[in-house]
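What follows is a single structure, written as structure tokens, with notes after it.
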Amino acid sequence: MNVSDSELMAGILTQSGHRTVSHIDDADVILLNTCAIRENAETKVINRLEHLNHRKRREGNLIIGVCGCMAQHLRDKLLKAAPYVDLVMGPDAYRNLPMALNAVANGDPFLGLQLDKSEDYADIAPIRKEGIRAWLTIQRGCDKMCTFCIVPFVRGRERSLPLKLLTDDVQRLVDEGFKEIVLLGQTVNSYHDGQHDFGELLWSIAEVDGVERVRFTSPHPADATDSMIDAMENCPQVCKQLHLPLQSGSTPVLERMRRTYTAEEYNELVSKLRERIPQIALSTDIIVGFCGETEADFMQTYQLMADIRFDSAFMFKYSDREGTLANKSLEDDVPESEKARRLNEIIKLQEEISANINQDAIGTTASVLVEGDSRRDAEQYHGKTDTFKTTVFPKENAQVGDIVNVEIHSATAHTLIGEIV
Ligand code: SAH
């Protein structure tokens with residue numbers, strides 16, 4: 001989402017005559033686009049700012065801005081922690097960037113933190129790097145109100161972009177050479193533009209002439225409707241891969257999180273998805289150590305992960321965020337050392353599961369979109385399978401952007417290794 005928002009900011013600034021430079025040392029303006037989801041994301045930004053301030057002290061006219069969710073979240077605190085910051089701007093205020101830079105150049109620090117439910121940036125053309133995979137924001141904000149989550153408070157209420165505008169965007173992206181479109185939204189599958197739901201959007205985008213692959217992130221289990229599942233099952237361009245944040249395997253914890261589903265309902269959804277789309281790859285998000293999580297609750301998460309066997313997972317220790325519902329009404333009572341232990345246990349479990357699933361892929365053939373040179377070896381390409389697994393293979397005659405069949409010879413927990421057949 002932040003990559004996509006940065007492309008949007010580049011679009012706004014390019015329209016007003018600014019340009020992006022390829023090296024940070026050549027920039028007169030440095031904007032950090034930030035995340036507020038966990039405390040350590042914010043700590044990283046503060047460290048980065050201190051570092052930039054060394055340069056600012058040497059070059060008085062360097063402009064430093066903090067944009068995105070952390071700007072929205074910390075507001076005045078940020079200016080106290082980093083008083084040398086010239087510009088602080090939340091996710092609904094980017095239209096003011098050119099004006100803000102002018103103000104700053106005249107010596108006035110700028111604060112733009114108004115959230116605006118009507119702001120969808122529909123008329124702004126993001127500046128994307130040329131490439132294979134394009135991020136396309138189809139929805140902004142979130143209405144879900146999970147008790148642990150800061151997103152609704154820093155990104156505002158949910159709004160969807162009109163289907164016709166999105167399919168036009170996709171046509172343009174295909175014409176520019178993009179092969180894979182990734183639809184983005186905070187709860188992407190609750191998309192509704194007043195006339196069309198998410199399943200209809202998936203069909204419409206997949207049917208744009210020349211689209212090879214469509215994916216989306218991150219959906220919410222409560223909005224995994226039949227309309228969405230039908231499109232995933234029956235539309236060949238829609239990848240057979242789903243990121244489905246579980247958060248916890250304990251129903252009482254899910255209730256306190258206000259996730260609106262029980263562990264049983266989640267499990268039933270997984271069974272239904274696997275029945276309808278047998279080759280589907282599933283990934284998830286897990287939070288350990290949420291308020292009141294007992295050892296027994298944690299073991300239910302562990303057991304459900306062992307039963308479901310996700311292809312991969314993002315796993316986090318609960319981080320108490322000021323302004324969230326949990327921060328106001330629940331006690332962050334699991335000790336840090338206990339959170340760390342629980343996290344390590346599920347990471348270990350997931351590594352084993354991911355490695356086993358990838359081992360099982362040895363001997364099979366996967367269709368892979370060629371994305372570029374492998375990081376470790378310029379004689380090899382890397383790309384992703386339909387199920388979003390990183391695959392590395394010798395170049396042969398393939399070009400970047402081709403979809404090739406790769407026979408898998410070996411595998412690690414995170415990578416498949418093979419050759420084109
Ligand atoms: N709406 C997006 C949220 C992105 S945040 C989505 O549903 O995917 C990605 C993940 O961060 C969440 O799924 C959750 O697992 C984790 N997360 C969010 N708030 C958190 C917090 N306060 N502490 C720890 N992890 C958190």
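Going by the structure tokens order, chains are called A, B, ..., each with residues numbered from 1, while ligands are numbered from 1 in the order shown.
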At most 6 Å from ligand 1 (only C-alpha atoms and all ligand atoms): residue list as a list in words: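 Written in the requested form, the residues are Ile37, Arg38, Phe148, Cys149, Gln186, Thr187, Ser218, His220, Pro245, Gln247, Asp285, Ile286, Ile287, Phe316, Lys317, Tyr318, Ser319, Asp320 and Arg321 of chain A.
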Open item on the list: Could you list, as a ChimeraX atom specification, every residue within 9 Å of Thr260 in chain A, counting only C-alpha atoms and ignoring same-chain residues fewer than 6 positions away?
Closed with: /A:146,221-222,254
Write the selection just made, keeping N, CA and C atoms, as an mmCIF file, in the first residue's frame?
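And here's again35.cif as it stands now:
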data_model
loop_
_atom_site.group_PDB
_atom_site.id
_atom_site.type_symbol
_atom_site.label_atom_id
_atom_site.label_comp_id
_atom_site.auth_asym_id
_atom_site.auth_seq_id
_atom_site.Cartn_x
_atom_site.Cartn_y
_atom_site.Cartn_z
ATOM 1 N N CYS A 146 -11.109 -3.545 13.905
ATOM 2 C CA CYS A 146 -10.471 -4.567 14.731
ATOM 3 C C CYS A 146 -9.830 -3.823 15.909
ATOM 4 N N PRO A 221 -11.438 -12.266 6.013
ATOM 5 C CA PRO A 221 -12.207 -13.516 5.913
ATOM 6 C C PRO A 221 -13.720 -13.275 5.880
ATOM 7 N N ALA A 222 -14.193 -12.268 6.610
ATOM 8 C CA ALA A 222 -15.641 -12.037 6.670
ATOM 9 C C ALA A 222 -16.216 -11.609 5.315
ATOM 10 N N LEU A 254 -10.368 -13.945 19.198
ATOM 11 C CA LEU A 254 -10.919 -13.330 17.979
ATOM 12 C C LEU A 254 -12.064 -12.377 18.323
#
Residues near Val238 in chain A, cut-off 12 Å, only C-alpha atoms, skip fewer than 4 positions along chain, as a PyMOL selection string:
chain A and resi 180-183+199+201-207+211-216+228-234+242+277+280+386-388
Those residues with C-alpha atoms, as a short mmCIF file (atom, residue, chain, number, x, y, z; two decimals), in the first residue's frame please?
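File out_29.cif, as written:
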data_model
loop_
_atom_site.label_atom_id
_atom_site.label_comp_id
_atom_site.auth_asym_id
_atom_site.auth_seq_id
_atom_site.Cartn_x
_atom_site.Cartn_y
_atom_site.Cartn_z
CA GLU A 180 0.36 -8.73 -13.46
CA ILE A 181 -2.07 -6.43 -11.66
CA VAL A 182 -2.22 -6.51 -7.85
CA LEU A 183 -5.38 -4.94 -6.48
CA GLY A 199 -16.17 -10.59 -7.49
CA LEU A 201 -14.48 -6.27 -10.20
CA LEU A 202 -12.19 -9.31 -10.42
CA TRP A 203 -13.98 -10.53 -13.54
CA SER A 204 -13.96 -7.10 -15.17
CA ILE A 205 -10.26 -6.57 -14.55
CA ALA A 206 -9.28 -10.06 -15.67
CA GLU A 207 -11.21 -9.54 -18.90
CA VAL A 211 -4.07 -8.94 -18.64
CA GLU A 212 -2.10 -12.08 -17.80
CA ARG A 213 -2.50 -12.25 -14.05
CA VAL A 214 -4.59 -10.61 -11.32
CA ARG A 215 -4.00 -10.87 -7.57
CA PHE A 216 -5.18 -8.87 -4.58
CA MET A 228 -15.17 -13.66 -4.81
CA ILE A 229 -14.64 -17.42 -4.63
CA ASP A 230 -16.47 -17.95 -7.95
CA ALA A 231 -14.18 -15.46 -9.68
CA MET A 232 -11.08 -17.11 -8.17
CA GLU A 233 -12.27 -20.54 -9.21
CA ASN A 234 -13.47 -19.79 -12.71
CA LEU A 242 -5.10 -16.02 -1.16
CA ILE A 277 -9.91 -24.44 -5.76
CA ILE A 280 -4.97 -22.73 -3.97
CA ASP A 386 0.67 -18.44 -10.01
CA THR A 387 0.62 -19.34 -6.29
CA PHE A 388 3.11 -16.50 -5.53
#
May I have all residues of range 14-172 of chain A that DSSP, computed from the backbone, assigns to helix (DSSP H, G or I), given as a ChimeraX atom specification?
/A:14-15,24-26,39-58,69-74,76-81,94-105,151-155,163-172
Counting only C-alpha atoms, the residue among A:Asn106, A:Ser6, A:Ser190, A:Asn405 that lies closest to Leu32 in chain A is A:Ser6
### Task
Can you list, as a PyMOL selection string, all residues belonging to range 111-305 of chain A that DSSP tags as strand (DSSP E or B)?
chain A and resi 111-112+133-137+139-140+159-160+180-184+192+197+213-217+238+241-243+247+281-288
Within 10 Å of range 45-57 of chain A, counting only C-alpha atoms, which residues show up once you throw out same-chain ones fewer than 5 positions away? Write them as a list in words, please.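 My reading of the contact set: Asp25, Ile30, Leu32, Asn33, Thr34, Cys35, Ala36, Asn40, Leu62, Ile63, Ile64, Gly65, Val66, Met70, Leu78, Ala81, Ala82, Pro83, Tyr84 and Val85 of chain A.
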Could the residues in this selection be written to a file with C-alpha atoms, as a PDB file, in the first residue's frame?
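Contents of again_38.pdb, as written:
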ATOM      1  CA  ASP A  25      22.113  12.385  -2.159  1.00  0.00           C
ATOM      2  CA  ILE A  30      13.190  13.752   1.038  1.00  0.00           C
ATOM      3  CA  LEU A  32       9.557   9.317   4.144  1.00  0.00           C
ATOM      4  CA  ASN A  33       6.341   7.425   3.568  1.00  0.00           C
ATOM      5  CA  THR A  34       5.675   5.661   6.827  1.00  0.00           C
ATOM      6  CA  CYS A  35       3.729   2.883   8.528  1.00  0.00           C
ATOM      7  CA  ALA A  36       2.176   2.986  12.016  1.00  0.00           C
ATOM      8  CA  ASN A  40       8.996  -0.899  15.704  1.00  0.00           C
ATOM      9  CA  LEU A  62      17.334  20.191   2.572  1.00  0.00           C
ATOM     10  CA  ILE A  63      13.588  19.616   3.068  1.00  0.00           C
ATOM     11  CA  ILE A  64      12.543  16.585   5.109  1.00  0.00           C
ATOM     12  CA  GLY A  65       8.938  15.394   5.223  1.00  0.00           C
ATOM     13  CA  VAL A  66       7.160  12.573   7.010  1.00  0.00           C
ATOM     14  CA  MET A  70       2.868   7.497  11.245  1.00  0.00           C
ATOM     15  CA  LEU A  78       6.598  13.594  15.897  1.00  0.00           C
ATOM     16  CA  ALA A  81      10.822  14.004  18.620  1.00  0.00           C
ATOM     17  CA  ALA A  82      12.127  15.412  15.338  1.00  0.00           C
ATOM     18  CA  PRO A  83      11.630  19.198  15.373  1.00  0.00           C
ATOM     19  CA  TYR A  84      13.747  19.600  12.225  1.00  0.00           C
ATOM     20  CA  VAL A  85      11.036  17.913  10.120  1.00  0.00           C
TER      21      VAL A  85
END
**Item:** Interatomic distance, CA of Asp28 in chain A to CA of Tyr121 in chain A (Å, one decimal)
**Value:**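 One can read the CA of Asp28 in chain A to CA of Tyr121 in chain A distance as 25.3 Å.
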- Task: Might you pull out every residue within 10 Å of Pro252 in chain A, with only C-alpha atoms counted and same-chain residues fewer than 2 positions away left off, and present them as a ChimeraX atom specification?
- Result: /A:248-250,254-258,262-263,292-293,297
### Query
Hey, which of A:Ile403, A:Leu87, A:Ala411, A:Ile150 ends up closest to Thr390 in chain A? Count only C-alpha atoms.
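Among A:Ile403, A:Leu87, A:Ala411, A:Ile150, it is A:Ala411 that comes nearest to Thr390 in chain A.
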task: Find the spatial neighbours of Leu184 in chain A, counting only C-alpha atoms, within a cut-off of 9 Å - ignore same-chain residues fewer than 6 positions away - and output them as a list in words.
output: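 The filter keeps Met1, Ser4, Trp135, Leu136, Thr137, Ile138, Gln139, Arg140, Arg215, Phe216, Thr217 and Ser218 of chain A.
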Can those selected residues be exported to a file as an mmCIF file, in the first residue's frame so that it contains C-alpha atoms?
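As a result, again.cif now contains:
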data_model
loop_
_atom_site.group_PDB
_atom_site.id
_atom_site.type_symbol
_atom_site.label_atom_id
_atom_site.label_comp_id
_atom_site.auth_asym_id
_atom_site.auth_seq_id
_atom_site.Cartn_x
_atom_site.Cartn_y
_atom_site.Cartn_z
ATOM 1 C CA MET A 1 0.000 0.000 0.000
ATOM 2 C CA SER A 4 1.402 2.450 -4.218
ATOM 3 C CA TRP A 135 -0.018 -2.118 -7.758
ATOM 4 C CA LEU A 136 -3.485 -0.685 -8.190
ATOM 5 C CA THR A 137 -5.303 0.845 -5.229
ATOM 6 C CA ILE A 138 -9.005 0.025 -5.582
ATOM 7 C CA GLN A 139 -10.093 1.119 -2.128
ATOM 8 C CA ARG A 140 -8.785 3.412 0.614
ATOM 9 C CA ARG A 215 -4.000 -10.866 -7.565
ATOM 10 C CA PHE A 216 -5.180 -8.874 -4.579
ATOM 11 C CA THR A 217 -4.242 -8.084 -1.012
ATOM 12 C CA SER A 218 -5.327 -8.082 1.811
#
Shell of 9 Å around Met145 in chain A, only C-alpha atoms, local chain residues under 6 positions omitted, as an NGL selection string:
:A and (151-152 or 257-259 or 324-325)
How about saving the chosen residues, C-alpha atoms kept, as a PDB file, in the first residue's frame?
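Once written, out01.pdb looks like this:
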ATOM      1  CA  VAL A 151      -5.511   1.644  10.321  1.00  0.00           C
ATOM      2  CA  PRO A 152      -9.065   3.116  10.569  1.00  0.00           C
ATOM      3  CA  MET A 257     -10.092  -8.541  18.515  1.00  0.00           C
ATOM      4  CA  ARG A 258     -13.552  -7.964  16.945  1.00  0.00           C
ATOM      5  CA  ARG A 259     -12.633 -10.023  13.911  1.00  0.00           C
ATOM      6  CA  THR A 324      -6.933   1.837  19.150  1.00  0.00           C
ATOM      7  CA  LEU A 325      -9.948   0.300  20.885  1.00  0.00           C
TER       8      LEU A 325
END
